[in-house]
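The next block holds one structure in the form of structure tokens; read it before the comments.
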Amino acid sequence: MTVLVCPDSFKGTFTAAEVADAIAGGAEESGATAVRLPVADGGEGTLAALTRPLGLRHVTVEARNPWGAPHTATFGLSANGTAVIEIAAAGGVTTPHDGPRDPVAADTYGTGMLIAAAVRRGARRIVVTAGGSATTDGGIGAIAAIEESGGLGGASLTVLTDVTTRYVDASRVFGPQKGADPATVEFLTRRLADTARTLPRDPSGVDGTGAAGGFSGGMWAQYGAELRSGAEYVLDSTGFDALVERAGAIVVGEGRLDGQTRAGKIISAILGRAGAAPVYAVVGSVGDDLGDYRSRFAEIIVASDIDAMRAAGRRIGAIAP
């Protein structure tokens with residue numbers, strides 16, 4: 001029996017690859033064949049998940065962090081001209097910074113620098129993952145950096161996101177996570193509304209344009225960027241559907257399984273494409289708001305360390321049909 005092991009990272013503790021190795025190793029101890037497929041949904045770990053499937057080499061360049069300090073960041077670039085950039089690499093809420101982490105001053109200029117660097121290195125298709133940003137500048141910083149470097153040079157731009165939030169709502173939905181108090185949220189909301197009116201197209205009424213503090217909307221308005229589900233893009237790029245056809249069971253995983261999981265996250269996408277294969281969840285914890293979503297899984301196993309993940313793999317390898 002083949003078990004397809006496709007977890008997301010357990011944020012802040014284990015990478016998706018570490019989780020996949022532990023679960024798959026346990027399944028193999030029970031006699032099953034395990035296929036490791038670490039995944040992500042357009043946030044943390046997406047570059048790692050796409051590196052092997054897309055044949056990316058990692059390129060490290062000088063950029064700047066959201067508050068203007070010098071910062072080195074890495075993106076992926078394939079031989080056929082596809083670049084994958086995580087906005088968190090230069091614009092993330094956890095990006096190192098010695099000074100105040102001001103949510104008003106934080107901008108996407110560093111992300112624009114990475115996009116420009118990819119263009120200079122021959123990228124023809126640029127994919128930016130929008131998860132984990134510190135910014136609410138509506139993409140204006142990135143636009144400035146790209147234009148100062150000469151533009152996209154004909155390269156296409158795709159932004160991956162797992163949210164449907166619209167441009168002007170970005171601060172109200174995500175601002176508090178980035179350190180904005182209520183007054184700052186209202187200031188940033190007004191700033192986004194003003195910015196929307198200055199762009200070539202108004203992103204205000206378009207779902208998904210609020211991702212990364214409006215970065216996705218800025219790219220859509222200025223460059224015609226395609227906005228795509230990060231989870232679906234990753235599954236398409238990793239050949240998930242072909243692997244499912246040969247799998248007797250699927251294992252998903254993330255740090256916390258709760259009511260938010262069904263809202264565009266990778267586990268929800270996998271459930272939608274699993275076919276008849278039973279889906280087992282190995283997770284760090286389970287929220288009280290999971291409700292009837294629990295019934296979507298053959299079994300939910302809580303495992304918060306590597307040994308427990310391996311034990312979960314052994315159990316699944318032994319009981320899966």
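Labels used: A, B, ... for chains in the order of the structure tokens, numbers from 1 for residues in each chain, and numbers from 1 for ligands as shown.
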Per residue of stretch 6-77 of chain A within 12 Å of stretch 279-302 of chain A, record the nearest atom pair and its distance in Å to one decimal, counting only C-alpha atoms, with rows in chain order and ascending residue number, as JSON lines.
```
{"residue": "A:Cys6", "atom": "CA", "partner": "A:Ala281", "partner_atom": "CA", "distance": 9.9}
{"residue": "A:Pro7", "atom": "CA", "partner": "A:Val282", "partner_atom": "CA", "distance": 8.2}
{"residue": "A:Asp8", "atom": "CA", "partner": "A:Val283", "partner_atom": "CA", "distance": 9.7}
{"residue": "A:Ser9", "atom": "CA", "partner": "A:Val283", "partner_atom": "CA", "distance": 9.9}
{"residue": "A:Phe10", "atom": "CA", "partner": "A:Gly284", "partner_atom": "CA", "distance": 7.2}
{"residue": "A:Lys11", "atom": "CA", "partner": "A:Gly284", "partner_atom": "CA", "distance": 9.9}
{"residue": "A:Gly12", "atom": "CA", "partner": "A:Gly284", "partner_atom": "CA", "distance": 11.5}
{"residue": "A:Thr13", "atom": "CA", "partner": "A:Gly284", "partner_atom": "CA", "distance": 9.8}
{"residue": "A:Phe14", "atom": "CA", "partner": "A:Gly284", "partner_atom": "CA", "distance": 10.2}
{"residue": "A:Ala16", "atom": "CA", "partner": "A:Val283", "partner_atom": "CA", "distance": 11.7}
{"residue": "A:Val19", "atom": "CA", "partner": "A:Val282", "partner_atom": "CA", "distance": 9.2}
{"residue": "A:Ala20", "atom": "CA", "partner": "A:Val282", "partner_atom": "CA", "distance": 10.2}
{"residue": "A:Ala22", "atom": "CA", "partner": "A:Val282", "partner_atom": "CA", "distance": 10.9}
{"residue": "A:Ile23", "atom": "CA", "partner": "A:Val282", "partner_atom": "CA", "distance": 8.4}
{"residue": "A:Ala24", "atom": "CA", "partner": "A:Val282", "partner_atom": "CA", "distance": 11.5}
```
- Query: Do you know which residues are at most 10 Å from A:Phe174 counting only C-alpha atoms, after dropping those on the same chain fewer than 4 positions away, and could you put them as number ranges by chain?
  - Reply: A: 133-136, 165, 169-170, 178-180, 185, 210-213
- Message: Taking 3 positions as the minimum chain separation for residues in the same chain, which residues sit within 8 Å of A:Leu227 when counting only C-alpha atoms? Answer as a ChimeraX atom specification.
- Response: /A:158-161,208-209,216,220
For the selection you just gave me, I'd like the residues written to a file as an mmCIF file, in the first residue's frame, keeping N, CA, C and O atoms.
```
data_model
loop_
_atom_site.group_PDB
_atom_site.id
_atom_site.type_symbol
_atom_site.label_atom_id
_atom_site.label_comp_id
_atom_site.auth_asym_id
_atom_site.auth_seq_id
_atom_site.Cartn_x
_atom_site.Cartn_y
_atom_site.Cartn_z
ATOM 1 N N THR A 158 2.745 36.538 -11.065
ATOM 2 C CA THR A 158 1.669 35.812 -10.393
ATOM 3 C C THR A 158 1.858 35.967 -8.895
ATOM 4 O O THR A 158 2.983 35.838 -8.391
ATOM 5 N N VAL A 159 0.784 36.260 -8.186
ATOM 6 C CA VAL A 159 0.834 36.356 -6.726
ATOM 7 C C VAL A 159 -0.004 35.221 -6.144
ATOM 8 O O VAL A 159 -1.170 35.058 -6.496
ATOM 9 N N LEU A 160 0.607 34.437 -5.254
ATOM 10 C CA LEU A 160 -0.086 33.331 -4.605
ATOM 11 C C LEU A 160 -0.604 33.774 -3.248
ATOM 12 O O LEU A 160 0.132 34.363 -2.449
ATOM 13 N N THR A 161 -1.857 33.475 -2.988
ATOM 14 C CA THR A 161 -2.461 33.880 -1.727
ATOM 15 C C THR A 161 -3.489 32.846 -1.291
ATOM 16 O O THR A 161 -4.016 32.097 -2.111
ATOM 17 N N GLY A 208 -9.044 38.982 -3.054
ATOM 18 C CA GLY A 208 -7.639 38.571 -2.990
ATOM 19 C C GLY A 208 -6.646 39.710 -3.085
ATOM 20 O O GLY A 208 -5.450 39.511 -2.851
ATOM 21 N N THR A 209 -7.115 40.923 -3.418
ATOM 22 C CA THR A 209 -6.189 42.035 -3.604
ATOM 23 C C THR A 209 -5.654 42.587 -2.284
ATOM 24 O O THR A 209 -4.723 43.402 -2.275
ATOM 25 N N SER A 216 -0.713 42.298 -3.230
ATOM 26 C CA SER A 216 -1.271 41.589 -4.378
ATOM 27 C C SER A 216 -2.112 42.523 -5.235
ATOM 28 O O SER A 216 -2.074 42.461 -6.476
ATOM 29 N N TRP A 220 -1.583 43.556 -9.119
ATOM 30 C CA TRP A 220 -2.691 43.363 -10.067
ATOM 31 C C TRP A 220 -2.987 44.656 -10.811
ATOM 32 O O TRP A 220 -3.177 44.663 -12.029
#
```
Could you give me, as an mmCIF file with all heavy atoms, in the first residue's frame, the residues within 8 Å of A:Ala116, counting only C-alpha atoms and dropping anything in the same chain fewer than 2 positions from it?
```cif
data_model
loop_
_atom_site.group_PDB
_atom_site.id
_atom_site.type_symbol
_atom_site.label_atom_id
_atom_site.label_comp_id
_atom_site.auth_asym_id
_atom_site.auth_seq_id
_atom_site.Cartn_x
_atom_site.Cartn_y
_atom_site.Cartn_z
ATOM 1 N N GLY A 112 10.150 44.304 -3.983
ATOM 2 C CA GLY A 112 10.347 44.814 -5.337
ATOM 3 C C GLY A 112 11.786 44.655 -5.797
ATOM 4 O O GLY A 112 12.045 44.366 -6.979
ATOM 5 N N MET A 113 12.737 44.827 -4.874
ATOM 6 C CA MET A 113 14.144 44.617 -5.211
ATOM 7 C C MET A 113 14.404 43.168 -5.636
ATOM 8 O O MET A 113 15.172 42.907 -6.571
ATOM 9 C CB MET A 113 15.035 44.995 -4.027
ATOM 10 C CG MET A 113 15.013 46.475 -3.673
ATOM 11 S SD MET A 113 15.923 46.848 -2.138
ATOM 12 C CE MET A 113 17.628 46.650 -2.729
ATOM 13 N N LEU A 114 13.752 42.226 -4.964
ATOM 14 C CA LEU A 114 13.918 40.815 -5.332
ATOM 15 C C LEU A 114 13.305 40.538 -6.701
ATOM 16 O O LEU A 114 13.877 39.787 -7.509
ATOM 17 C CB LEU A 114 13.280 39.915 -4.274
ATOM 18 C CG LEU A 114 13.867 39.957 -2.865
ATOM 19 C CD1 LEU A 114 13.200 38.911 -1.986
ATOM 20 C CD2 LEU A 114 15.366 39.764 -2.879
ATOM 21 N N ALA A 118 15.347 39.240 -9.975
ATOM 22 C CA ALA A 118 14.972 38.067 -10.775
ATOM 23 C C ALA A 118 14.879 38.430 -12.250
ATOM 24 O O ALA A 118 15.323 37.660 -13.119
ATOM 25 C CB ALA A 118 13.635 37.511 -10.277
ATOM 26 N N VAL A 119 14.316 39.600 -12.560
ATOM 27 C CA VAL A 119 14.239 40.050 -13.955
ATOM 28 C C VAL A 119 15.641 40.195 -14.544
ATOM 29 O O VAL A 119 15.902 39.770 -15.676
ATOM 30 C CB VAL A 119 13.457 41.372 -14.042
ATOM 31 C CG1 VAL A 119 13.569 41.974 -15.453
ATOM 32 C CG2 VAL A 119 11.989 41.153 -13.685
ATOM 33 N N ARG A 120 16.558 40.798 -13.782
ATOM 34 C CA ARG A 120 17.936 40.964 -14.273
ATOM 35 C C ARG A 120 18.610 39.634 -14.561
ATOM 36 O O ARG A 120 19.505 39.551 -15.413
ATOM 37 C CB ARG A 120 18.767 41.761 -13.262
ATOM 38 C CG ARG A 120 18.403 43.244 -13.182
ATOM 39 C CD ARG A 120 19.474 44.021 -12.449
ATOM 40 N NE ARG A 120 19.655 43.576 -11.073
ATOM 41 C CZ ARG A 120 18.975 44.038 -10.041
ATOM 42 N NH1 ARG A 120 18.035 44.966 -10.229
ATOM 43 N NH2 ARG A 120 19.212 43.601 -8.817
ATOM 44 N N ALA A 145 10.406 50.151 -6.402
ATOM 45 C CA ALA A 145 11.662 49.445 -6.633
ATOM 46 C C ALA A 145 11.718 48.850 -8.037
ATOM 47 O O ALA A 145 12.763 48.892 -8.704
ATOM 48 C CB ALA A 145 11.830 48.346 -5.587
ATOM 49 N N ILE A 146 10.606 48.292 -8.491
ATOM 50 C CA ILE A 146 10.569 47.693 -9.828
ATOM 51 C C ILE A 146 10.755 48.758 -10.902
ATOM 52 O O ILE A 146 11.533 48.584 -11.850
ATOM 53 C CB ILE A 146 9.241 46.930 -10.025
ATOM 54 C CG1 ILE A 146 9.169 45.710 -9.091
ATOM 55 C CG2 ILE A 146 9.083 46.486 -11.487
ATOM 56 C CD1 ILE A 146 7.780 45.103 -8.983
ATOM 57 N N SER A 149 14.231 50.119 -11.318
ATOM 58 C CA SER A 149 15.160 49.187 -11.964
ATOM 59 C C SER A 149 14.863 48.990 -13.448
ATOM 60 O O SER A 149 15.557 48.241 -14.123
ATOM 61 C CB SER A 149 15.112 47.834 -11.267
ATOM 62 O OG SER A 149 13.890 47.171 -11.554
ATOM 63 N N GLY A 151 11.486 48.284 -14.677
ATOM 64 C CA GLY A 151 10.239 47.558 -14.918
ATOM 65 C C GLY A 151 10.421 46.058 -14.985
ATOM 66 O O GLY A 151 11.484 45.519 -14.668
ATOM 67 N N LEU A 152 9.377 45.387 -15.407
ATOM 68 C CA LEU A 152 9.376 43.918 -15.455
ATOM 69 C C LEU A 152 10.011 43.357 -16.729
ATOM 70 O O LEU A 152 10.223 42.144 -16.825
ATOM 71 C CB LEU A 152 7.949 43.381 -15.328
ATOM 72 C CG LEU A 152 7.264 43.560 -13.973
ATOM 73 C CD1 LEU A 152 5.853 42.990 -14.022
ATOM 74 C CD2 LEU A 152 8.069 42.890 -12.867
#
```
- Item | Spatial neighbours of A:Ser30, 8 Å, only C-alpha atoms, chain gap at least 5 places, as a PyMOL selection string | chain A and resi 314-315+317-318
Only N, CA and C atoms, please: the residues just picked out, written as a PDB file, in the first residue's frame.
```pdb
ATOM      1  N   ARG A 314       3.556   5.026  11.699  1.00  0.00           N
ATOM      2  CA  ARG A 314       3.468   3.572  11.878  1.00  0.00           C
ATOM      3  C   ARG A 314       2.019   3.128  11.992  1.00  0.00           C
ATOM      4  N   ARG A 315       1.225   3.889  12.725  1.00  0.00           N
ATOM      5  CA  ARG A 315      -0.191   3.528  12.891  1.00  0.00           C
ATOM      6  C   ARG A 315      -0.912   3.596  11.556  1.00  0.00           C
ATOM      7  N   GLY A 317       0.363   3.431   8.545  1.00  0.00           N
ATOM      8  CA  GLY A 317       0.861   2.388   7.663  1.00  0.00           C
ATOM      9  C   GLY A 317       0.280   1.021   7.958  1.00  0.00           C
ATOM     10  N   ALA A 318      -0.069   0.808   9.233  1.00  0.00           N
ATOM     11  CA  ALA A 318      -0.610  -0.498   9.644  1.00  0.00           C
ATOM     12  C   ALA A 318      -2.105  -0.620   9.417  1.00  0.00           C
TER      13      ALA A 318
END
```
Find the residues of stretch 202-284 of chain A that sit at most 8 Å from stretch 50-69 of chain A; for each, write down the nearest two atoms and how far apart they are in Å, to one decimal. Count only C-alpha atoms. Sort by chain, then by number going up, and give it as a tab-separated table.
```
residue	atom	partner	partner_atom	distance
A:Val234	CA	A:Leu50	CA	7.0
A:Ser237	CA	A:Pro53	CA	6.5
A:Thr238	CA	A:Pro53	CA	5.5
```
Output file for the selection above: N, CA and C atoms, as a tab-separated table (two decimals), in the first residue's frame:
```tsv
chain	number	residue	atom	x	y	z
A	234	VAL	N	0.60	25.09	-5.68
A	234	VAL	CA	1.59	24.12	-5.18
A	234	VAL	C	1.19	22.70	-5.57
A	237	SER	N	1.88	22.20	-9.23
A	237	SER	CA	3.31	22.19	-9.56
A	237	SER	C	4.02	20.93	-9.08
A	238	THR	N	3.49	20.30	-8.04
A	238	THR	CA	4.13	19.10	-7.51
A	238	THR	C	3.59	17.81	-8.11
```
- Query: Given the choices A:Ala130, A:Ala276, A:Val206, A:Leu157, which gets closest to A:Ala225 if the distance is worked out from only C-alpha atoms?
  - Reply: A:Leu157
- Message: Which of stretch 36-128 of chain A end up as alpha helix (DSSP H) when DSSP is run on this backbone - answer as a ChimeraX atom specification?
- Response: /A:46-54,87-91,109-120
- Message: Would you pick out the contacts of A:Ile126 at 7 Å or less, using only C-alpha atoms, so that residues sharing its chain but fewer than 6 positions from it are not included, and give the list as number ranges by chain?
- Response: A: 82-84, 155-158
